[in-house]
file upload03.txt (compact mmCIF, C-alpha atoms and all ligand atoms)
# COMPACT_ATOMS: atom_id res chain seq x y z
CA MET A 1 -39.43 -44.47 -163.17
CA ASP A 2 -42.55 -45.73 -164.95
CA HIS A 3 -44.35 -48.95 -164.15
CA ARG A 4 -42.83 -50.89 -167.08
CA LEU A 5 -39.23 -50.04 -166.13
CA THR A 6 -39.89 -50.78 -162.45
CA ARG A 7 -41.20 -54.22 -163.39
CA LEU A 8 -38.20 -54.92 -165.61
CA SER A 9 -35.85 -53.72 -162.86
CA LYS A 10 -37.47 -56.11 -160.35
CA ARG A 11 -37.05 -58.98 -162.80
CA LEU A 12 -33.42 -58.09 -163.37
CA SER A 13 -32.84 -57.99 -159.60
CA PHE A 14 -34.57 -61.34 -159.20
CA ILE A 15 -32.27 -62.92 -161.82
CA LEU A 16 -28.99 -61.22 -160.95
CA ARG A 17 -29.41 -61.50 -157.16
CA HIS A 18 -31.28 -64.74 -156.65
CA HIS A 19 -32.22 -66.94 -159.62
CA PRO A 20 -30.00 -66.73 -162.71
CA GLU A 21 -30.99 -70.31 -163.53
CA LYS A 22 -34.60 -69.19 -164.13
CA ILE A 23 -33.51 -67.88 -167.54
CA GLY A 24 -30.67 -70.35 -168.01
CA ILE A 25 -27.69 -68.09 -167.30
CA LYS A 26 -24.72 -68.44 -164.95
CA LEU A 27 -23.00 -65.87 -162.77
CA ASP A 28 -19.25 -65.90 -162.12
CA GLN A 29 -17.89 -65.80 -158.56
CA TYR A 30 -18.37 -62.01 -158.43
CA GLY A 31 -21.95 -62.18 -159.70
CA ARG A 32 -21.08 -61.08 -163.25
CA THR A 33 -22.71 -62.42 -166.38
CA ASP A 34 -22.39 -61.71 -170.10
CA LEU A 35 -24.77 -58.86 -170.92
CA ALA A 36 -25.61 -59.90 -174.50
CA ASN A 37 -26.42 -63.42 -173.34
CA LEU A 38 -28.54 -62.13 -170.44
CA ILE A 39 -30.56 -59.97 -172.85
CA GLN A 40 -31.04 -62.87 -175.25
CA GLN A 41 -32.15 -65.28 -172.52
CA PHE A 42 -34.31 -62.67 -170.80
CA ASN A 43 -36.19 -62.01 -174.04
CA ARG A 44 -36.66 -65.72 -174.59
CA HIS A 45 -38.31 -66.11 -171.18
CA TYR A 46 -40.32 -62.93 -170.68
CA GLY A 47 -43.03 -61.26 -172.74
CA THR A 48 -41.73 -57.72 -172.19
CA PRO A 49 -38.40 -57.54 -174.01
CA ILE A 50 -35.34 -55.76 -172.66
CA SER A 51 -32.39 -54.20 -174.48
CA ARG A 52 -29.07 -52.71 -173.43
CA SER A 53 -30.55 -49.22 -173.71
CA THR A 54 -33.55 -50.21 -171.53
CA ILE A 55 -31.15 -51.44 -168.85
CA GLU A 56 -29.11 -48.24 -169.15
CA GLU A 57 -32.33 -46.25 -168.78
CA ILE A 58 -33.22 -48.19 -165.60
CA ILE A 59 -29.74 -47.50 -164.19
CA ARG A 60 -30.07 -43.79 -165.07
CA GLN A 61 -33.55 -43.39 -163.61
CA SER A 62 -33.27 -45.51 -160.44
CA ASP A 63 -33.05 -43.94 -157.02
CA LYS A 64 -30.53 -46.65 -156.11
CA GLN A 65 -27.74 -48.08 -158.26
CA ARG A 66 -28.69 -51.74 -158.25
CA TYR A 67 -26.63 -53.00 -161.22
CA ALA A 68 -23.48 -52.07 -163.08
CA ILE A 69 -22.61 -52.69 -166.71
CA GLU A 70 -18.86 -53.27 -166.88
CA GLY A 71 -17.41 -54.00 -170.32
CA ALA A 72 -19.40 -56.89 -171.76
CA THR A 73 -20.82 -57.88 -168.36
CA ILE A 74 -23.55 -56.88 -165.95
CA ARG A 75 -23.87 -57.63 -162.24
CA ALA A 76 -26.08 -56.72 -159.29
CA LEU A 77 -24.17 -54.50 -156.88
CA TYR A 78 -25.83 -55.83 -153.69
CA GLY A 79 -28.81 -57.80 -152.48
CA HIS A 80 -27.60 -61.28 -153.52
CA SER A 81 -28.73 -64.53 -152.04
CA VAL A 82 -26.51 -66.54 -154.42
CA PRO A 83 -22.95 -66.58 -153.07
CA VAL A 84 -20.79 -63.80 -154.55
CA LYS A 85 -17.43 -62.30 -153.67
CA PRO A 86 -17.32 -58.51 -153.41
CA LEU A 87 -15.42 -56.86 -156.27
CA THR A 88 -14.77 -53.73 -154.24
CA PRO A 89 -12.19 -53.95 -151.46
CA PRO A 90 -13.43 -53.34 -147.92
CA GLN A 91 -13.29 -49.71 -146.78
CA MET A 92 -13.36 -47.81 -143.51
CA PRO A 93 -17.07 -46.92 -143.11
CA PRO A 94 -18.44 -43.66 -141.68
CA VAL A 95 -18.59 -43.49 -137.88
CA TYR A 96 -22.27 -44.50 -137.95
CA LEU A 97 -24.41 -46.49 -140.35
CA TYR A 98 -28.11 -47.35 -139.93
CA HIS A 99 -30.44 -50.31 -140.29
CA GLY A 100 -34.22 -50.08 -140.59
CA THR A 101 -36.39 -53.03 -139.70
CA SER A 102 -39.70 -54.20 -138.25
CA HIS A 103 -40.55 -54.15 -134.54
CA ALA A 104 -40.77 -57.94 -134.55
CA ALA A 105 -37.26 -58.35 -136.03
CA ALA A 106 -35.86 -55.56 -133.82
CA LYS A 107 -36.72 -57.56 -130.70
CA LEU A 108 -34.54 -60.43 -131.89
CA ILE A 109 -31.82 -58.16 -133.26
CA GLU A 110 -31.41 -56.46 -129.88
CA THR A 111 -30.10 -59.70 -128.44
CA GLU A 112 -28.79 -61.67 -131.45
CA GLY A 113 -27.41 -58.76 -133.48
CA LEU A 114 -27.91 -58.41 -137.23
CA LYS A 115 -27.70 -61.62 -139.23
CA LYS A 116 -27.68 -61.88 -142.99
CA MET A 117 -30.79 -64.07 -143.06
CA ASP A 118 -31.49 -65.06 -146.71
CA ARG A 119 -28.88 -62.76 -148.28
CA ASP A 120 -25.10 -62.93 -148.58
CA PHE A 121 -24.55 -59.87 -146.40
CA VAL A 122 -26.23 -57.70 -143.82
CA HIS A 123 -27.28 -54.45 -145.57
CA LEU A 124 -26.70 -51.14 -143.78
CA SER A 125 -27.80 -47.65 -144.87
CA ALA A 126 -25.68 -44.51 -145.03
CA ASN A 127 -28.31 -42.36 -143.28
CA PRO A 128 -31.44 -42.72 -141.12
CA GLN A 129 -33.77 -41.61 -143.98
CA MET A 130 -32.61 -44.50 -146.15
CA ALA A 131 -32.92 -46.91 -143.23
CA ILE A 132 -36.51 -45.78 -142.65
CA GLN A 133 -37.32 -46.47 -146.32
CA VAL A 134 -35.78 -49.94 -146.11
CA GLY A 135 -37.65 -50.68 -142.87
CA GLN A 136 -40.96 -49.46 -144.31
CA ARG A 137 -40.92 -52.49 -146.64
CA ARG A 138 -41.73 -54.49 -143.51
CA ASP A 139 -43.30 -52.10 -140.99
CA PRO A 140 -45.13 -48.76 -141.52
CA HIS A 141 -43.29 -47.34 -138.48
CA PRO A 142 -39.95 -49.14 -138.60
CA VAL A 143 -37.31 -49.35 -135.91
CA VAL A 144 -33.97 -47.80 -136.89
CA PHE A 145 -30.73 -49.01 -135.34
CA LYS A 146 -27.66 -46.82 -135.28
CA VAL A 147 -24.63 -48.98 -136.00
CA ALA A 148 -21.24 -48.03 -134.54
CA ALA A 149 -19.63 -48.95 -137.85
CA GLN A 150 -16.13 -47.58 -137.29
CA ALA A 151 -15.93 -49.18 -133.86
CA ALA A 152 -16.92 -52.49 -135.48
CA ALA A 153 -14.31 -51.96 -138.23
CA HIS A 154 -11.71 -51.59 -135.47
CA HIS A 155 -12.88 -55.01 -134.25
CA GLN A 156 -12.03 -56.53 -137.66
CA PHE A 157 -15.48 -56.37 -139.26
CA LEU A 158 -15.09 -55.74 -143.00
CA PHE A 159 -17.39 -53.17 -144.60
CA TYR A 160 -17.99 -53.13 -148.36
CA PRO A 161 -19.36 -49.93 -149.90
CA THR A 162 -21.72 -49.89 -152.90
CA LYS A 163 -22.70 -47.05 -155.22
CA SER A 164 -26.01 -46.48 -153.44
CA GLY A 165 -25.13 -45.68 -149.86
CA VAL A 166 -25.74 -49.35 -149.01
CA TRP A 167 -22.88 -50.89 -146.99
CA LEU A 168 -22.41 -54.64 -146.78
CA VAL A 169 -21.07 -56.50 -143.76
CA ASP A 170 -21.08 -60.14 -142.76
CA SER A 171 -22.88 -59.68 -139.44
CA MET A 172 -23.21 -57.09 -136.70
CA PRO A 173 -23.28 -58.06 -133.03
CA ALA A 174 -25.74 -56.28 -130.74
CA GLN A 175 -22.92 -54.50 -128.87
CA PHE A 176 -22.52 -52.15 -131.88
CA LEU A 177 -26.26 -51.36 -132.16
CA THR A 178 -28.40 -48.73 -130.48
CA ARG A 179 -32.05 -48.04 -131.18
CA LEU A 180 -32.71 -44.54 -132.49
C1 LIG B 201 -33.86 -58.82 -140.44
C2 LIG B 201 -33.46 -53.55 -150.55
C3 LIG B 201 -34.48 -61.48 -137.00
C4 LIG B 201 -33.43 -57.50 -141.05
C5 LIG B 201 -33.33 -52.64 -149.35
C6 LIG B 201 -34.35 -57.46 -142.25
C7 LIG B 201 -31.95 -52.94 -148.81
C8 LIG B 201 -33.25 -60.19 -138.47
C9 LIG B 201 -34.51 -58.92 -142.63
C10 LIG B 201 -31.69 -54.36 -149.26
C11 LIG B 201 -32.07 -60.49 -137.77
C12 LIG B 201 -33.71 -59.30 -143.84
C13 LIG B 201 -31.67 -55.31 -148.10
C14 LIG B 201 -32.15 -61.34 -136.62
C15 LIG B 201 -31.55 -59.21 -139.41
N1 LIG B 201 -33.38 -61.81 -136.30
N2 LIG B 201 -34.46 -60.67 -138.09
N3 LIG B 201 -31.08 -61.67 -135.88
N4 LIG B 201 -31.03 -59.87 -138.37
N5 LIG B 201 -32.90 -59.39 -139.47
O1 LIG B 201 -34.50 -57.92 -147.29
O2 LIG B 201 -31.70 -55.01 -145.02
O3 LIG B 201 -34.56 -51.87 -153.05
O4 LIG B 201 -32.61 -59.48 -146.60
O5 LIG B 201 -33.61 -56.43 -140.17
O6 LIG B 201 -33.52 -51.30 -149.68
O7 LIG B 201 -34.24 -55.33 -145.26
O8 LIG B 201 -34.17 -54.31 -153.32
O9 LIG B 201 -32.55 -57.14 -145.84
O10 LIG B 201 -35.59 -56.91 -141.92
O11 LIG B 201 -30.95 -52.09 -149.27
O12 LIG B 201 -32.47 -52.64 -154.05
O13 LIG B 201 -34.06 -59.68 -141.52
O14 LIG B 201 -32.79 -54.69 -150.13
O15 LIG B 201 -32.83 -53.00 -151.67
O16 LIG B 201 -34.31 -58.67 -144.95
O17 LIG B 201 -32.84 -55.11 -147.27
P1 LIG B 201 -33.51 -58.35 -146.26
P2 LIG B 201 -32.85 -55.58 -145.75
P3 LIG B 201 -33.55 -52.94 -153.12

call {"tool": "encode", "arguments": {"input": "upload03.txt", "output": "structure tokens"}}
result
Amino acid sequence: MDHRLTRLSKRLSFILRHHPEKIGIKLDQYGRTDLANLIQQFNRHYGTPISRSTIEEIIRQSDKQRYAIEGATIRALYGHSVPVKPLTPPQMPPVYLYHGTSHAAAKLIETEGLKKMDRDFVHLSANPQMAIQVGQRRDPHPVVFKVAAQAAAHHQFLFYPTKSGVWLVDSMPAQFLTRL
């Protein structure tokens, strides 16, 4: 994806996950907003204009599916800090999921477990490669935890899948984590 689309994608994430009010739009309880209105308000606030086809191009070209256009609406599929209810029902996860993080955070996680911190959910990755990429945002040689996801599901933890191999869960106690 070229530099222009990456920048627009980051702005869209910023608005749809964290700060819809920055361009004067509102999200419903599931994080959805009217697409035509979002485009109009986006173009009022930012110098680089966006259109439906630009957003579709971002969705097509992205390594991860970060948004979905559904009918007249658009929403971010994960990553929120504003409160949203999942639209997908919880599902039985694979036996193991993964979480990549920094050494500093890993020290705390080993005793406290995974907490959602500034987001609405803890984000887990479908495979170790993805977890390494996520962790590299914070540490060049990240720590990867293997999460006993199915065991946790049997202890009533609810796992929400997304289109990108990202799984969402409310928290994950240390008993389900092992360092890879
Ligand atoms: C850490 C990106 C101390 C956690 C990525 C992480 C992902 C703790 C940080 C998605 C902790 C939160 C989300 C505890 C967790 N003590 N630190 N008890 N529990 N942490 O950004 O999972 O590309 O909110 O390890 O790829 O890094 O933007 O979560 O380091 O899928 O689409 O607290 O964001 O997706 O950081 O990343 P984040 P994340 P996009």

call {"tool": "residues_around", "arguments": {"input": "upload03.txt", "residues": "Thr101 of chain A", "least_positions_apart": "5", "cutoff": "6 Å", "atoms": "all atoms listed in the file", "output": "tab-separated table (two decimals) with C-alpha atoms, in the coordinates of the input"}}
result
chain	number	residue	atom	x	y	z
A	135	GLY	CA	-37.65	-50.68	-142.87
A	142	PRO	CA	-39.95	-49.14	-138.60
A	143	VAL	CA	-37.31	-49.35	-135.91

call {"tool": "atom_distance", "arguments": {"input": "upload03.txt", "atom1": "atom CA of Lys22 of chain A", "atom2": "atom CA of His45 of chain A"}}
result
8.5 Å

call {"tool": "atom_distance", "arguments": {"input": "upload03.txt", "atom1": "atom CA of Tyr160 of chain A", "atom2": "atom CA of Met172 of chain A"}}
result
13.4 Å

call {"tool": "closest_residue", "arguments": {"input": "upload03.txt", "among": "A:Ile59, A:Leu158, A:Leu124, A:Ile74", "to": "ligand LIG 201 (chain B)", "atoms": "all atoms listed in the file"}}
result
A:Leu124

call {"tool": "residues_around", "arguments": {"input": "upload03.txt", "residues": "Ile39 of chain A", "least_positions_apart": "3", "cutoff": "10 Å", "atoms": "only C-alpha atoms", "output": "PyMOL selection string"}}
result
chain A and resi 23+34-36+42-44+49-52+55

call {"tool": "closest_residue", "arguments": {"input": "upload03.txt", "among": "A:Asp120, A:Glu21, A:Asp28, A:Asp2", "to": "ligand LIG 201 (chain B)", "atoms": "only C-alpha atoms and all ligand atoms"}}
result
A:Asp120

call {"tool": "decode", "arguments": {"input": "upload03.txt", "residues": "segment 42-178 of chain A", "atoms": "C-alpha atoms", "output": "PDB file, in the first residue's frame"}}
result
ATOM      1  CA  PHE A  42     -13.502  13.639   6.862  1.00  0.00           C
ATOM      2  CA  ASN A  43     -13.101  15.820   3.779  1.00  0.00           C
ATOM      3  CA  ARG A  44     -14.148  18.880   5.721  1.00  0.00           C
ATOM      4  CA  HIS A  45     -11.413  18.275   8.310  1.00  0.00           C
ATOM      5  CA  TYR A  46      -8.471  16.906   6.348  1.00  0.00           C
ATOM      6  CA  GLY A  47      -6.535  18.227   3.360  1.00  0.00           C
ATOM      7  CA  THR A  48      -6.252  14.847   1.632  1.00  0.00           C
ATOM      8  CA  PRO A  49      -9.781  13.905   0.590  1.00  0.00           C
ATOM      9  CA  ILE A  50     -11.192  10.405   0.827  1.00  0.00           C
ATOM     10  CA  SER A  51     -13.959   8.714  -1.164  1.00  0.00           C
ATOM     11  CA  ARG A  52     -15.813   5.424  -0.934  1.00  0.00           C
ATOM     12  CA  SER A  53     -13.555   3.954  -3.614  1.00  0.00           C
ATOM     13  CA  THR A  54     -10.408   5.089  -1.724  1.00  0.00           C
ATOM     14  CA  ILE A  55     -11.680   3.309   1.391  1.00  0.00           C
ATOM     15  CA  GLU A  56     -12.492   0.208  -0.664  1.00  0.00           C
ATOM     16  CA  GLU A  57      -8.971   0.345  -2.099  1.00  0.00           C
ATOM     17  CA  ILE A  58      -7.482   0.525   1.424  1.00  0.00           C
ATOM     18  CA  ILE A  59      -9.583  -2.485   2.470  1.00  0.00           C
ATOM     19  CA  ARG A  60      -8.475  -4.400  -0.644  1.00  0.00           C
ATOM     20  CA  GLN A  61      -4.795  -3.599  -0.274  1.00  0.00           C
ATOM     21  CA  SER A  62      -4.347  -3.902   3.508  1.00  0.00           C
ATOM     22  CA  ASP A  63      -2.553  -6.833   5.064  1.00  0.00           C
ATOM     23  CA  LYS A  64      -5.158  -6.759   7.844  1.00  0.00           C
ATOM     24  CA  GLN A  65      -8.900  -6.153   7.537  1.00  0.00           C
ATOM     25  CA  ARG A  66      -9.286  -3.155   9.815  1.00  0.00           C
ATOM     26  CA  TYR A  67     -12.713  -1.859   8.688  1.00  0.00           C
ATOM     27  CA  ALA A  68     -15.859  -3.203   7.100  1.00  0.00           C
ATOM     28  CA  ILE A  69     -18.355  -1.388   4.909  1.00  0.00           C
ATOM     29  CA  GLU A  70     -21.779  -2.868   5.648  1.00  0.00           C
ATOM     30  CA  GLY A  71     -24.712  -1.376   3.745  1.00  0.00           C
ATOM     31  CA  ALA A  72     -24.603   2.371   4.298  1.00  0.00           C
ATOM     32  CA  THR A  73     -22.265   2.067   7.300  1.00  0.00           C
ATOM     33  CA  ILE A  74     -18.599   1.590   8.091  1.00  0.00           C
ATOM     34  CA  ARG A  75     -16.977   0.378  11.309  1.00  0.00           C
ATOM     35  CA  ALA A  76     -13.547  -0.585  12.621  1.00  0.00           C
ATOM     36  CA  LEU A  77     -13.399  -4.333  13.219  1.00  0.00           C
ATOM     37  CA  TYR A  78     -11.061  -4.173  16.249  1.00  0.00           C
ATOM     38  CA  GLY A  79      -8.672  -1.880  18.058  1.00  0.00           C
ATOM     39  CA  HIS A  80     -11.264   0.395  19.712  1.00  0.00           C
ATOM     40  CA  SER A  81     -10.733   2.456  22.796  1.00  0.00           C
ATOM     41  CA  VAL A  82     -14.277   3.873  22.621  1.00  0.00           C
ATOM     42  CA  PRO A  83     -16.705   1.359  24.110  1.00  0.00           C
ATOM     43  CA  VAL A  84     -18.265  -0.925  21.471  1.00  0.00           C
ATOM     44  CA  LYS A  85     -20.223  -4.149  21.585  1.00  0.00           C
ATOM     45  CA  PRO A  86     -18.977  -6.935  19.323  1.00  0.00           C
ATOM     46  CA  LEU A  87     -21.275  -7.607  16.347  1.00  0.00           C
ATOM     47  CA  THR A  88     -19.931 -11.117  15.906  1.00  0.00           C
ATOM     48  CA  PRO A  89     -20.979 -13.729  18.455  1.00  0.00           C
ATOM     49  CA  PRO A  90     -18.211 -15.296  20.543  1.00  0.00           C
ATOM     50  CA  GLN A  91     -16.663 -18.432  19.036  1.00  0.00           C
ATOM     51  CA  MET A  92     -14.576 -21.355  20.227  1.00  0.00           C
ATOM     52  CA  PRO A  93     -10.986 -20.228  19.462  1.00  0.00           C
ATOM     53  CA  PRO A  94      -8.159 -22.466  18.215  1.00  0.00           C
ATOM     54  CA  VAL A  95      -6.344 -24.439  20.924  1.00  0.00           C
ATOM     55  CA  TYR A  96      -3.608 -21.781  21.054  1.00  0.00           C
ATOM     56  CA  LEU A  97      -3.477 -18.083  20.285  1.00  0.00           C
ATOM     57  CA  TYR A  98      -0.466 -15.772  20.682  1.00  0.00           C
ATOM     58  CA  HIS A  99       0.385 -12.348  22.047  1.00  0.00           C
ATOM     59  CA  GLY A 100       3.515 -10.377  21.184  1.00  0.00           C
ATOM     60  CA  THR A 101       4.764  -7.670  23.497  1.00  0.00           C
ATOM     61  CA  SER A 102       7.803  -5.873  24.907  1.00  0.00           C
ATOM     62  CA  HIS A 103      10.130  -7.345  27.532  1.00  0.00           C
ATOM     63  CA  ALA A 104       9.073  -4.636  29.976  1.00  0.00           C
ATOM     64  CA  ALA A 105       5.354  -5.438  29.594  1.00  0.00           C
ATOM     65  CA  ALA A 106       6.033  -9.201  29.601  1.00  0.00           C
ATOM     66  CA  LYS A 107       7.455  -8.974  33.125  1.00  0.00           C
ATOM     67  CA  LEU A 108       4.167  -7.546  34.400  1.00  0.00           C
ATOM     68  CA  ILE A 109       2.029  -9.823  32.240  1.00  0.00           C
ATOM     69  CA  GLU A 110       3.683 -12.920  33.708  1.00  0.00           C
ATOM     70  CA  THR A 111       2.155 -12.120  37.067  1.00  0.00           C
ATOM     71  CA  GLU A 112      -0.891  -9.935  36.274  1.00  0.00           C
ATOM     72  CA  GLY A 113      -1.985 -11.611  33.040  1.00  0.00           C
ATOM     73  CA  LEU A 114      -3.061  -9.682  29.954  1.00  0.00           C
ATOM     74  CA  LYS A 115      -5.142  -6.583  30.587  1.00  0.00           C
ATOM     75  CA  LYS A 116      -6.863  -4.504  27.947  1.00  0.00           C
ATOM     76  CA  MET A 117      -4.974  -1.344  28.923  1.00  0.00           C
ATOM     77  CA  ASP A 118      -6.286   1.555  26.761  1.00  0.00           C
ATOM     78  CA  ARG A 119      -8.406  -0.583  24.427  1.00  0.00           C
ATOM     79  CA  ASP A 120     -11.775  -2.295  24.804  1.00  0.00           C
ATOM     80  CA  PHE A 121     -10.309  -5.778  24.494  1.00  0.00           C
ATOM     81  CA  VAL A 122      -7.073  -7.701  24.786  1.00  0.00           C
ATOM     82  CA  HIS A 123      -5.895  -8.486  21.219  1.00  0.00           C
ATOM     83  CA  LEU A 124      -4.535 -11.958  20.475  1.00  0.00           C
ATOM     84  CA  SER A 125      -2.954 -13.215  17.237  1.00  0.00           C
ATOM     85  CA  ALA A 126      -3.775 -16.396  15.338  1.00  0.00           C
ATOM     86  CA  ASN A 127      -0.114 -17.379  14.900  1.00  0.00           C
ATOM     87  CA  PRO A 128       3.333 -16.592  16.336  1.00  0.00           C
ATOM     88  CA  GLN A 129       4.423 -14.675  13.183  1.00  0.00           C
ATOM     89  CA  MET A 130       1.572 -12.205  13.600  1.00  0.00           C
ATOM     90  CA  ALA A 131       2.307 -11.875  17.311  1.00  0.00           C
ATOM     91  CA  ILE A 132       5.954 -11.062  16.542  1.00  0.00           C
ATOM     92  CA  GLN A 133       4.831  -8.303  14.146  1.00  0.00           C
ATOM     93  CA  VAL A 134       2.493  -6.844  16.771  1.00  0.00           C
ATOM     94  CA  GLY A 135       5.228  -7.006  19.426  1.00  0.00           C
ATOM     95  CA  GLN A 136       7.785  -5.374  17.133  1.00  0.00           C
ATOM     96  CA  ARG A 137       5.767  -2.144  17.379  1.00  0.00           C
ATOM     97  CA  ARG A 138       7.150  -1.939  20.916  1.00  0.00           C
ATOM     98  CA  ASP A 139      10.334  -4.030  21.026  1.00  0.00           C
ATOM     99  CA  PRO A 140      12.728  -5.089  18.215  1.00  0.00           C
ATOM    100  CA  HIS A 141      12.944  -8.568  19.795  1.00  0.00           C
ATOM    101  CA  PRO A 142       9.502  -9.024  21.310  1.00  0.00           C
ATOM    102  CA  VAL A 143       8.369 -11.630  23.794  1.00  0.00           C
ATOM    103  CA  VAL A 144       5.639 -13.946  22.486  1.00  0.00           C
ATOM    104  CA  PHE A 145       3.185 -15.593  24.856  1.00  0.00           C
ATOM    105  CA  LYS A 146       1.333 -18.734  23.860  1.00  0.00           C
ATOM    106  CA  VAL A 147      -2.234 -18.475  25.127  1.00  0.00           C
ATOM    107  CA  ALA A 148      -4.150 -21.644  26.037  1.00  0.00           C
ATOM    108  CA  ALA A 149      -7.229 -20.175  24.380  1.00  0.00           C
ATOM    109  CA  GLN A 150      -9.492 -23.230  24.356  1.00  0.00           C
ATOM    110  CA  ALA A 151      -8.703 -23.973  27.982  1.00  0.00           C
ATOM    111  CA  ALA A 152      -9.643 -20.368  28.809  1.00  0.00           C
ATOM    112  CA  ALA A 153     -12.853 -20.704  26.750  1.00  0.00           C
ATOM    113  CA  HIS A 154     -13.729 -23.727  28.903  1.00  0.00           C
ATOM    114  CA  HIS A 155     -13.326 -21.388  31.897  1.00  0.00           C
ATOM    115  CA  GLN A 156     -16.004 -19.064  30.459  1.00  0.00           C
ATOM    116  CA  PHE A 157     -13.738 -16.553  28.708  1.00  0.00           C
ATOM    117  CA  LEU A 158     -15.470 -15.284  25.563  1.00  0.00           C
ATOM    118  CA  PHE A 159     -13.393 -15.027  22.387  1.00  0.00           C
ATOM    119  CA  TYR A 160     -14.495 -12.826  19.481  1.00  0.00           C
ATOM    120  CA  PRO A 161     -12.961 -13.512  16.063  1.00  0.00           C
ATOM    121  CA  THR A 162     -12.255 -10.792  13.494  1.00  0.00           C
ATOM    122  CA  LYS A 163     -11.503 -11.035   9.781  1.00  0.00           C
ATOM    123  CA  SER A 164      -7.762 -10.595  10.309  1.00  0.00           C
ATOM    124  CA  GLY A 165      -6.708 -13.426  12.571  1.00  0.00           C
ATOM    125  CA  VAL A 166      -7.015 -11.035  15.525  1.00  0.00           C
ATOM    126  CA  TRP A 167      -9.051 -12.499  18.408  1.00  0.00           C
ATOM    127  CA  LEU A 168     -10.576 -10.286  21.081  1.00  0.00           C
ATOM    128  CA  VAL A 169     -11.008 -11.248  24.718  1.00  0.00           C
ATOM    129  CA  ASP A 170     -11.756  -9.262  27.838  1.00  0.00           C
ATOM    130  CA  SER A 171      -8.657 -10.318  29.782  1.00  0.00           C
ATOM    131  CA  MET A 172      -6.357 -13.313  30.089  1.00  0.00           C
ATOM    132  CA  PRO A 173      -5.036 -14.484  33.452  1.00  0.00           C
ATOM    133  CA  ALA A 174      -1.403 -15.579  33.683  1.00  0.00           C
ATOM    134  CA  GLN A 175      -2.396 -19.215  34.277  1.00  0.00           C
ATOM    135  CA  PHE A 176      -3.263 -19.502  30.549  1.00  0.00           C
ATOM    136  CA  LEU A 177       0.022 -17.945  29.336  1.00  0.00           C
ATOM    137  CA  THR A 178       3.402 -19.480  28.599  1.00  0.00           C
TER     138      THR A 178
END
